[in-house]
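*Asks:* See entry22.cif below, with mmCIF, C-alpha atoms and all ligand atoms.
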```cif
data_entry
loop_
_atom_site.label_atom_id
_atom_site.label_comp_id
_atom_site.auth_asym_id
_atom_site.auth_seq_id
_atom_site.Cartn_x
_atom_site.Cartn_y
_atom_site.Cartn_z
CA MET Y 1 144.43 77.35 79.12
CA ILE Y 2 144.61 76.05 75.55
CA ASN Y 3 148.35 75.41 75.87
CA LYS Y 4 147.84 73.60 79.15
CA ASN Y 5 145.26 71.32 77.56
CA ILE Y 6 147.55 70.57 74.62
CA TYR Y 7 150.36 69.63 77.00
CA LEU Y 8 148.00 67.40 78.94
CA ILE Y 9 146.91 65.62 75.76
CA LEU Y 10 150.51 65.24 74.58
CA PHE Y 11 151.57 63.90 77.95
CA SER Y 12 148.66 61.41 77.97
CA LEU Y 13 149.55 60.26 74.48
CA LEU Y 14 153.21 59.79 75.38
CA LEU Y 15 152.24 57.85 78.48
CA PHE Y 16 149.90 55.66 76.47
CA VAL Y 17 152.46 55.00 73.75
CA SER Y 18 155.22 54.19 76.21
CA CYS Y 19 152.99 51.85 78.26
CA THR Y 20 151.76 50.01 75.20
CA LYS Y 21 155.26 49.60 73.85
CA GLU Y 22 156.63 48.40 77.15
CA VAL Y 23 153.96 45.71 77.58
CA LYS Y 24 154.47 44.42 74.04
CA GLU Y 25 158.25 44.24 74.43
CA ILE Y 26 157.98 42.28 77.63
CA THR Y 27 155.33 39.76 76.64
CA ARG Y 28 155.66 39.09 72.93
CA PRO Y 29 158.63 38.30 70.68
CA ILE Y 30 158.91 41.02 68.05
CA GLU Y 31 158.52 38.57 65.14
CA GLN Y 32 155.09 37.48 66.41
CA THR Y 33 152.03 39.62 65.67
CA ASP Y 34 149.14 40.15 68.09
CA ALA Y 35 146.64 39.43 65.30
CA ILE Y 36 144.17 36.61 64.97
CA PHE Y 37 144.69 35.14 61.50
CA GLN Y 38 141.58 33.76 59.84
CA TYR Y 39 141.26 31.77 56.65
CA SER Y 40 137.83 32.07 54.95
CA THR Y 41 134.68 33.38 56.63
CA MET Y 42 131.77 31.98 58.59
CA ILE Y 43 129.41 32.71 55.70
CA ASP Y 44 131.59 30.80 53.22
CA LEU Y 45 131.79 27.81 55.56
CA VAL Y 46 128.04 27.90 56.20
CA ASN Y 47 127.46 27.96 52.43
CA GLY Y 48 129.56 24.86 51.81
CA LYS Y 49 132.95 26.19 50.70
CA PHE Y 50 134.75 23.13 52.06
CA GLU Y 51 137.82 23.11 49.75
CA GLY Y 52 140.57 25.58 50.63
CA THR Y 53 144.09 26.18 49.43
CA LEU Y 54 145.68 27.04 52.77
CA THR Y 55 148.62 24.76 53.48
CA GLN Y 56 149.43 23.71 57.02
CA ALA Y 57 152.86 25.36 56.64
CA GLU Y 58 151.28 28.71 55.83
CA TYR Y 59 148.71 28.32 58.60
CA LYS Y 60 151.49 27.62 61.12
CA SER Y 61 153.36 30.76 60.05
CA HIS Y 62 150.51 32.89 61.49
CA GLY Y 63 150.36 31.42 65.00
CA ASP Y 64 150.94 28.52 67.39
CA PHE Y 65 147.40 28.10 68.74
CA GLY Y 66 144.08 27.65 66.99
CA ILE Y 67 141.13 25.71 65.66
CA GLY Y 68 139.72 24.78 62.27
CA THR Y 69 139.08 21.84 60.00
CA TYR Y 70 140.54 20.11 56.93
CA ASN Y 71 139.28 20.01 53.35
CA GLY Y 72 135.90 18.32 53.03
CA VAL Y 73 135.34 19.19 56.74
CA ASN Y 74 137.48 16.18 57.53
CA GLY Y 75 137.32 16.19 61.35
CA GLU Y 76 138.02 18.87 63.94
CA MET Y 77 141.39 20.59 64.06
CA VAL Y 78 143.05 21.43 67.38
CA TYR Y 79 146.24 23.43 66.88
CA TYR Y 80 148.10 23.00 70.14
CA GLU Y 81 151.66 24.15 70.93
CA GLY Y 82 152.52 24.48 67.24
CA ILE Y 83 151.19 21.09 66.12
CA PRO Y 84 147.84 20.78 64.25
CA TYR Y 85 145.97 17.64 65.36
CA ARG Y 86 142.92 16.13 63.69
CA VAL Y 87 140.15 14.64 65.81
CA SER Y 88 138.61 12.18 63.39
CA PHE Y 89 134.90 11.44 62.96
CA GLU Y 90 135.45 8.03 64.57
CA GLY Y 91 137.25 9.58 67.57
CA PRO Y 92 140.98 8.80 67.29
CA VAL Y 93 143.35 11.79 67.20
CA VAL Y 94 146.01 11.89 64.50
CA VAL Y 95 148.60 14.35 63.23
CA PRO Y 96 147.43 14.64 59.62
CA PRO Y 97 149.73 14.36 56.58
CA THR Y 98 151.37 17.71 55.81
CA ASP Y 99 149.60 17.91 52.43
CA TYR Y 100 146.15 18.12 54.05
CA LEU Y 101 144.75 21.55 53.08
CA ILE Y 102 142.54 23.80 55.20
CA PRO Y 103 139.19 25.40 54.22
CA PHE Y 104 138.51 27.33 57.46
CA ALA Y 105 140.67 28.06 60.50
CA ASN Y 106 141.81 30.62 63.03
CA THR Y 107 145.21 30.94 64.66
CA LYS Y 108 147.15 33.29 66.94
CA PHE Y 109 150.48 33.45 68.67
CA PHE Y 110 149.17 32.90 72.19
CA VAL Y 111 150.52 35.18 74.91
CA ALA Y 112 148.04 35.60 77.77
CA ASP Y 113 146.95 39.14 78.65
CA SER Y 114 145.17 37.88 81.78
CA SER Y 115 144.60 34.60 83.56
CA PHE Y 116 142.94 33.17 86.63
CA SER Y 117 142.78 29.85 88.46
CA VAL Y 118 139.67 27.77 89.00
CA ASN Y 119 139.69 25.63 92.14
CA VAL Y 120 136.04 24.69 92.48
CA VAL Y 121 134.00 22.54 90.12
CA THR Y 122 132.60 24.97 87.53
CA ASP Y 123 130.25 24.13 84.67
CA ASP Y 124 130.64 25.67 81.23
CA ASP Y 125 127.71 28.12 81.54
CA THR Y 126 129.09 29.54 84.79
CA LEU Y 127 132.62 29.84 83.45
CA LYS Y 128 131.45 31.45 80.20
CA ASN Y 129 129.28 33.95 82.11
CA ASN Y 130 132.19 34.83 84.39
CA LEU Y 131 134.47 35.40 81.40
CA LEU Y 132 131.88 37.47 79.56
CA THR Y 133 132.25 40.54 81.79
CA THR Y 134 135.92 40.88 80.84
CA LEU Y 135 135.32 40.00 77.19
CA LEU Y 136 132.44 42.45 76.70
CA ALA Y 137 134.29 45.23 78.53
CA ASN Y 138 137.15 44.86 76.05
CA ASP Y 139 134.93 43.94 73.06
CA LYS Y 140 137.89 42.65 71.05
CA PRO Y 141 138.23 39.13 69.67
CA ALA Y 142 140.19 36.91 72.01
CA ALA Y 143 141.99 33.59 72.06
CA ILE Y 144 141.07 31.56 75.14
CA LYS Y 145 142.95 28.64 76.68
CA ILE Y 146 141.48 26.53 79.51
CA SER Y 147 143.85 23.88 80.81
CA GLY Y 148 143.35 21.51 83.70
CA GLN Y 149 141.30 18.61 84.98
CA PHE Y 150 137.77 18.26 83.70
CA THR Y 151 135.16 16.16 85.49
CA TYR Y 152 133.37 15.79 82.16
CA LEU Y 153 133.43 16.94 78.53
CA LYS Y 154 131.11 16.23 75.65
CA THR Y 155 132.75 16.78 72.26
CA ARG Y 156 132.01 15.98 68.65
CA SER Y 157 133.58 15.45 65.28
CA VAL Y 158 132.10 15.41 61.78
CA PRO Y 159 132.47 13.11 58.74
CA LYS Y 160 134.40 14.09 55.61
CA GLN Y 161 132.07 15.39 52.89
CA SER Y 162 132.14 14.90 49.12
CA PRO Y 163 131.03 17.42 46.48
CA PRO Y 164 128.50 18.81 45.87
CA TYR Y 165 128.74 20.24 49.37
CA GLY Y 166 125.76 21.28 51.48
CA SER Y 167 125.67 23.70 54.39
CA ILE Y 168 127.88 23.26 57.45
CA TYR Y 169 124.64 22.75 59.39
CA ASP Y 170 123.90 19.61 57.30
CA VAL Y 171 127.36 18.32 58.28
CA ILE Y 172 126.81 19.06 61.98
CA ALA Y 173 123.57 17.05 61.81
CA GLN Y 174 125.79 14.00 61.03
CA GLN Y 175 128.09 14.60 64.02
CA ASN Y 176 129.52 11.85 66.21
CA THR Y 177 129.60 12.80 69.91
CA PHE Y 178 132.08 11.67 72.56
CA ASP Y 179 131.64 11.56 76.35
CA LEU Y 180 134.95 12.19 78.11
CA PRO Y 181 134.70 11.70 81.90
CA ASN Y 182 137.66 12.66 84.17
CA SER Y 183 139.86 14.05 81.44
CA THR Y 184 143.00 16.17 81.75
CA GLY Y 185 143.80 18.44 78.83
CA THR Y 186 143.33 21.81 77.18
CA ILE Y 187 140.46 23.71 75.61
CA VAL Y 188 141.73 25.79 72.71
CA GLY Y 189 139.41 28.41 71.29
CA PHE Y 190 138.22 31.90 70.59
CA TRP Y 191 135.58 34.42 71.56
CA MET Y 192 134.32 36.71 68.82
CA PRO Y 193 132.31 39.88 69.48
CA GLU Y 194 128.89 40.28 67.90
CA LYS Y 195 130.24 43.02 65.61
CA LEU Y 196 132.27 40.41 63.71
CA ASN Y 197 129.15 38.33 62.97
CA ASN Y 198 129.25 36.79 59.45
CA LEU Y 199 133.04 36.98 59.49
CA ASN Y 200 133.17 34.41 62.29
CA PHE Y 201 130.78 32.70 64.69
CA PRO Y 202 129.88 35.22 67.43
CA GLY Y 203 130.55 34.08 70.98
CA TYR Y 204 132.65 31.12 72.10
CA HIS Y 205 134.10 28.42 69.84
CA PHE Y 206 136.07 25.80 71.75
CA HIS Y 207 137.95 22.65 70.69
CA TYR Y 208 139.53 20.19 73.13
CA LEU Y 209 142.59 17.95 73.20
CA ASN Y 210 143.42 15.67 76.12
CA SER Y 211 146.95 15.51 77.51
CA ASP Y 212 147.50 12.01 76.01
CA PHE Y 213 146.56 13.31 72.51
CA THR Y 214 144.02 10.48 72.24
CA ALA Y 215 140.66 12.30 72.46
CA GLY Y 216 139.11 15.68 71.82
CA GLY Y 217 136.94 17.52 69.32
CA HIS Y 218 134.56 20.46 69.08
CA VAL Y 219 133.36 21.16 72.63
CA LEU Y 220 129.61 20.88 73.27
CA GLU Y 221 129.65 20.77 77.11
CA PHE Y 222 132.24 20.70 79.87
CA GLU Y 223 132.71 20.90 83.60
CA LEU Y 224 136.10 22.07 84.90
CA LYS Y 225 137.32 20.56 88.18
CA SER Y 226 140.44 22.69 88.53
CA GLY Y 227 142.68 24.55 86.15
CA THR Y 228 143.78 27.80 84.59
CA VAL Y 229 141.88 30.09 82.25
CA GLU Y 230 143.96 32.39 80.04
CA ILE Y 231 142.75 35.19 77.73
CA ASP Y 232 144.77 36.73 74.91
CA PHE Y 233 143.02 39.68 73.30
CA ALA Y 234 143.83 40.41 69.66
CA SER Y 235 144.68 43.86 68.39
CA GLU Y 236 143.54 42.97 64.88
CA VAL Y 237 142.02 40.22 62.72
CA ILE Y 238 143.69 39.36 59.42
CA VAL Y 239 141.34 37.57 57.03
CA GLN Y 240 142.54 35.63 54.01
CA LEU Y 241 139.62 34.90 51.71
CA ILE Y 242 139.10 31.41 50.32
CA ASP Y 243 139.82 31.08 46.61
ZN ZN A 1 134.46 23.71 66.05
#
```
Would it be possible to restate this file's structure as structure tokens?
*Replies:*
Amino acid sequence: MINKNIYLILFSLLLFVSCTKEVKEITRPIEQTDAIFQYSTMIDLVNGKFEGTLTQAEYKSHGDFGIGTYNGVNGEMVYYEGIPYRVSFEGPVVVPPTDYLIPFANTKFFVADSSFSVNVVTDDDTLKNNLLTTLLANDKPAAIKISGQFTYLKTRSVPKQSPPYGSIYDVIAQQNTFDLPNSTGTIVGFWMPEKLNNLNFPGYHFHYLNSDFTAGGHVLEFELKSGTVEIDFASEVIVQLID
């Protein structure tokens, strides 16, 4: 009986190992990790650590998809298909100079673990609630991509700060909001489980970039007309602390 149980456990382990390996080989190039890379922490950002030493080159070496900001909280970063964009406080989207440093950001090599289509007009609360069942069942941090046609988005950006820095909440109070009706583009973002609270903001954090690269920002509201939702769960989170 004991031997039989041992064999069963061994067999289950082998099956698990072989399945895991097979999935990874098929979906992800071996040089790309399945980790979410994070620079700094939520607490440091909240407490006004707005000057980082992370270069864009180093940031890009950890993923091809992500969100963040630039030193001084100089706008909203949308890292889309390997290019970091900056949605400025005034609204225009620019590719920032390569010497712009980063005080807080996340990135991941995005390879979807699951996806589904949306073909009826769906508001953000409904979509987030629908996603939550899958996210909570897994309870791992996830990168989320929502691409398609939006009937409406409300986004924001924030103005560059000068020392001495206050809290991130003081910066958000100065936000500039943008109404984007009938926009085609991509929401780039993450969902963090409650257990990572203080390391990152628990729940959803979405940034948006339209397909013309002319508008976007931190997402406050949206309504999706039709599109695709993709989820990429992370096996680990690698945190580099701000200097
Ligand atoms: Zn944001």
*Asks:* What is the atom CA of Leu132 of chain Y-atom CA of Phe206 of chain Y distance in Å, reported with one decimal?
*Replies:*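 A separation of 14.7 Å between them.
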*Asks:* Within 10 Å of ligand ZN 1 (chain A), counting all atoms listed in the file, which protein or nucleic acid residues do you find, written as a VMD selection string?
*Replies:* chain Y and resid 67 to 69 75 to 78 105 155 to 158 172 189 201 204 to 208 217 to 220
*Asks:* Find, counting only C-alpha atoms, the residue in Y:Leu180, Y:Ile238, Y:Val111, Y:Leu136 that gets nearest to Pro29 of chain Y.
*Replies:*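 Looking at the shortest contact to Pro29 of chain Y, the residue is Y:Val111.
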*Asks:* Atom CA of Tyr39 of chain Y and atom CA of Thr53 of chain Y, how far apart in Å?
*Replies:*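 Interatomic distance, atom CA of Thr53 of chain Y to atom CA of Tyr39 of chain Y: 9.6 Å.
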*Asks:* For a quick check of understanding, using only C-alpha atoms, which of Y:Leu135, Y:Val87, Y:Ala112, Y:Ala142 has the smallest distance to Lys160 of chain Y?
*Replies:*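 Going through Y:Leu135, Y:Val87, Y:Ala112, Y:Ala142 one by one, the smallest distance to Lys160 of chain Y is for Y:Val87.
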*Asks:* Tell me, counting all atoms listed in the file, for each residue of segment 85-154 of chain Y within 10 Å of segment 174-178 of chain Y, which pair of atoms is nearest and how far apart they are in Å to one decimal, in rows ordered by chain and increasing number, as a tab-separated table.
*Replies:*
```
residue	atom	partner	partner_atom	distance
Y:Ser88	CA	Y:Asn176	CA	9.5
Y:Phe89	CA	Y:Asn176	CA	6.3
Y:Glu90	CA	Y:Asn176	CA	7.2
Y:Gly91	CA	Y:Phe178	CA	7.5
Y:Leu153	CA	Y:Phe178	CA	8.1
Y:Lys154	CA	Y:Phe178	CA	5.6
```
*Asks:* Restricting the output to C-alpha atoms, write the selected residues as a tab-separated table (two decimals), in the frame of the given file.
*Replies:*
```tsv
chain	number	residue	atom	x	y	z
Y	88	SER	CA	138.61	12.18	63.39
Y	89	PHE	CA	134.90	11.44	62.96
Y	90	GLU	CA	135.45	8.03	64.57
Y	91	GLY	CA	137.25	9.58	67.57
Y	153	LEU	CA	133.43	16.94	78.53
Y	154	LYS	CA	131.11	16.23	75.65
```
*Asks:* Give as a list in words the set of residues within 6 Å of the point (133.1, 22.8, 85.1), where distances use the file's coordinates and all atoms listed in the file.
*Replies:*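 Final list of nearby residues, as requested, is Val121, Thr122, Asp123, Asp124, Phe222, Glu223, Leu224 and Lys225 of chain Y.
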*Asks:* Would you list the contacts of Tyr79 of chain Y as a PDB file with C-alpha atoms, in the frame of the given file, taking every protein, DNA or RNA residue within 7 Å and counting all atoms listed in the file, but skipping same-chain residues closer than 3 positions in sequence?
*Replies:*
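Writing done, so here's out02.pdb:
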```pdb
ATOM      1  CA  ASP Y  64     150.940  28.520  67.390  1.00  0.00           C
ATOM      2  CA  PHE Y  65     147.400  28.100  68.740  1.00  0.00           C
ATOM      3  CA  GLY Y  66     144.080  27.650  66.990  1.00  0.00           C
ATOM      4  CA  ILE Y  67     141.130  25.710  65.660  1.00  0.00           C
ATOM      5  CA  GLY Y  82     152.520  24.480  67.240  1.00  0.00           C
ATOM      6  CA  ILE Y  83     151.190  21.090  66.120  1.00  0.00           C
ATOM      7  CA  PRO Y  84     147.840  20.780  64.250  1.00  0.00           C
ATOM      8  CA  TYR Y  85     145.970  17.640  65.360  1.00  0.00           C
TER       9      TYR Y  85
END
```
*Asks:* Considering only C-alpha atoms, state which residue in the set Y:Val229, Y:Leu199, Y:His62, Y:Asp243 is at the smallest distance from Asn130 of chain Y.
*Replies:*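 Of Y:Val229, Y:Leu199, Y:His62, Y:Asp243, the one nearest Asn130 of chain Y, counting only C-alpha atoms, is Y:Val229.
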*Asks:* What does the structure give for the distance between atom CA of Ser211 of chain Y and atom CA of Ser114 of chain Y, in Å to one decimal?
*Replies:*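 Computing it gives 22.8 Å between the two atoms.
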*Asks:* Do you know which residues are at most 9 Å from Asn210 of chain Y counting only C-alpha atoms, after dropping those on the same chain fewer than 2 positions away, and could you put them as a ChimeraX atom specification?
*Replies:* /Y:183-187,208,212-216
*Asks:* Give me, as JSON, numbers by chain, all polymer residues having an atom no more than 9 Å from Leu241 of chain Y, counting all atoms listed in the file and skipping those fewer than 5 positions away in the same chain.
*Replies:* {"Y": [38, 39, 40, 41]}
*Asks:* Counting all atoms listed in the file, which of Y:Val94, Y:Leu196, Y:Ile102, Y:Asn119 gets nearest to Gly148 of chain Y?
*Replies:* Y:Asn119
*Asks:* List as a CSV table (one decimal) with C-alpha atoms, in the coordinates of the input the protein and nucleic acid residues near Tyr165 of chain Y, meaning an atom at most 12 Å away when all atoms listed in the file are counted, but skip any in the same chain fewer than 5 places from it.
*Replies:*
```csv
chain,number,residue,atom,x,y,z
Y,44,ASP,CA,131.6,30.8,53.2
Y,45,LEU,CA,131.8,27.8,55.6
Y,46,VAL,CA,128.0,27.9,56.2
Y,47,ASN,CA,127.5,28.0,52.4
Y,48,GLY,CA,129.6,24.9,51.8
Y,49,LYS,CA,133.0,26.2,50.7
Y,50,PHE,CA,134.8,23.1,52.1
Y,51,GLU,CA,137.8,23.1,49.8
Y,71,ASN,CA,139.3,20.0,53.4
Y,72,GLY,CA,135.9,18.3,53.0
Y,73,VAL,CA,135.3,19.2,56.7
Y,160,LYS,CA,134.4,14.1,55.6
Y,170,ASP,CA,123.9,19.6,57.3
Y,171,VAL,CA,127.4,18.3,58.3
```
*Asks:* Could you pull the residues within 7 Å of Ala35 of chain Y, counting only C-alpha atoms, minus those fewer than 4 positions along the same chain, as a PDB file with C-alpha atoms, in the coordinates of the input?
*Replies:*
```pdb
ATOM      1  CA  LYS Y 108     147.150  33.290  66.940  1.00  0.00           C
ATOM      2  CA  ALA Y 234     143.830  40.410  69.660  1.00  0.00           C
ATOM      3  CA  SER Y 235     144.680  43.860  68.390  1.00  0.00           C
ATOM      4  CA  GLU Y 236     143.540  42.970  64.880  1.00  0.00           C
ATOM      5  CA  VAL Y 237     142.020  40.220  62.720  1.00  0.00           C
ATOM      6  CA  ILE Y 238     143.690  39.360  59.420  1.00  0.00           C
TER       7      ILE Y 238
END
```
*Asks:* With all atoms listed in the file as the atoms that count, which of Y:Thr33, Y:Pro181, Y:Thr98, Y:Ile43 lies nearest to Thr55 of chain Y?
*Replies:* Y:Thr98
*Asks:* Give the answer as one residue: which of Y:Ile168, Y:Ala143, Y:Leu131, Y:Val188 has the shortest atom-to-atom distance to Ile36 of chain Y, using only C-alpha atoms?
*Replies:*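 Once distances to Ile36 of chain Y are computed over only C-alpha atoms, the minimum belongs to Y:Ala143.
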*Asks:* Please reconstruct the missing atoms of segment 193-207 of chain Y (target: N, CA and C atoms) and return them as a short mmCIF file (atom, residue, chain, number, x, y, z; two decimals), in the coordinates of the input.
*Replies:*
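Result file follows (part29.cif):
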```cif
data_model
loop_
_atom_site.label_atom_id
_atom_site.label_comp_id
_atom_site.auth_asym_id
_atom_site.auth_seq_id
_atom_site.Cartn_x
_atom_site.Cartn_y
_atom_site.Cartn_z
N PRO Y 193 133.40 38.95 69.16
CA PRO Y 193 132.31 39.88 69.48
C PRO Y 193 131.23 39.86 68.40
N GLU Y 194 130.05 40.26 68.80
CA GLU Y 194 128.89 40.28 67.90
C GLU Y 194 129.17 41.09 66.63
N LYS Y 195 129.99 42.14 66.76
CA LYS Y 195 130.24 43.02 65.61
C LYS Y 195 131.00 42.32 64.48
N LEU Y 196 131.58 41.16 64.77
CA LEU Y 196 132.27 40.41 63.71
C LEU Y 196 131.39 39.28 63.15
N ASN Y 197 130.10 39.31 63.49
CA ASN Y 197 129.15 38.33 62.97
C ASN Y 197 129.24 38.28 61.44
N ASN Y 198 129.10 37.10 60.89
CA ASN Y 198 129.25 36.79 59.45
C ASN Y 198 130.71 36.55 59.06
N LEU Y 199 131.63 37.27 59.72
CA LEU Y 199 133.04 36.98 59.49
C LEU Y 199 133.41 35.69 60.24
N ASN Y 200 132.93 35.61 61.49
CA ASN Y 200 133.17 34.41 62.29
C ASN Y 200 131.92 34.16 63.15
N PHE Y 201 131.92 33.04 63.85
CA PHE Y 201 130.78 32.70 64.69
C PHE Y 201 130.83 33.55 65.96
N PRO Y 202 129.82 34.38 66.23
CA PRO Y 202 129.88 35.22 67.43
C PRO Y 202 129.82 34.38 68.70
N GLY Y 203 130.52 34.81 69.72
CA GLY Y 203 130.55 34.08 70.98
C GLY Y 203 131.73 33.13 71.05
N TYR Y 204 131.56 32.06 71.85
CA TYR Y 204 132.65 31.12 72.10
C TYR Y 204 132.70 30.02 71.04
N HIS Y 205 133.90 29.61 70.69
CA HIS Y 205 134.10 28.42 69.84
C HIS Y 205 135.31 27.68 70.40
N PHE Y 206 135.03 26.53 71.05
CA PHE Y 206 136.07 25.80 71.75
C PHE Y 206 136.30 24.41 71.14
N HIS Y 207 137.57 24.03 71.00
CA HIS Y 207 137.95 22.65 70.69
C HIS Y 207 138.78 22.12 71.86
#
```
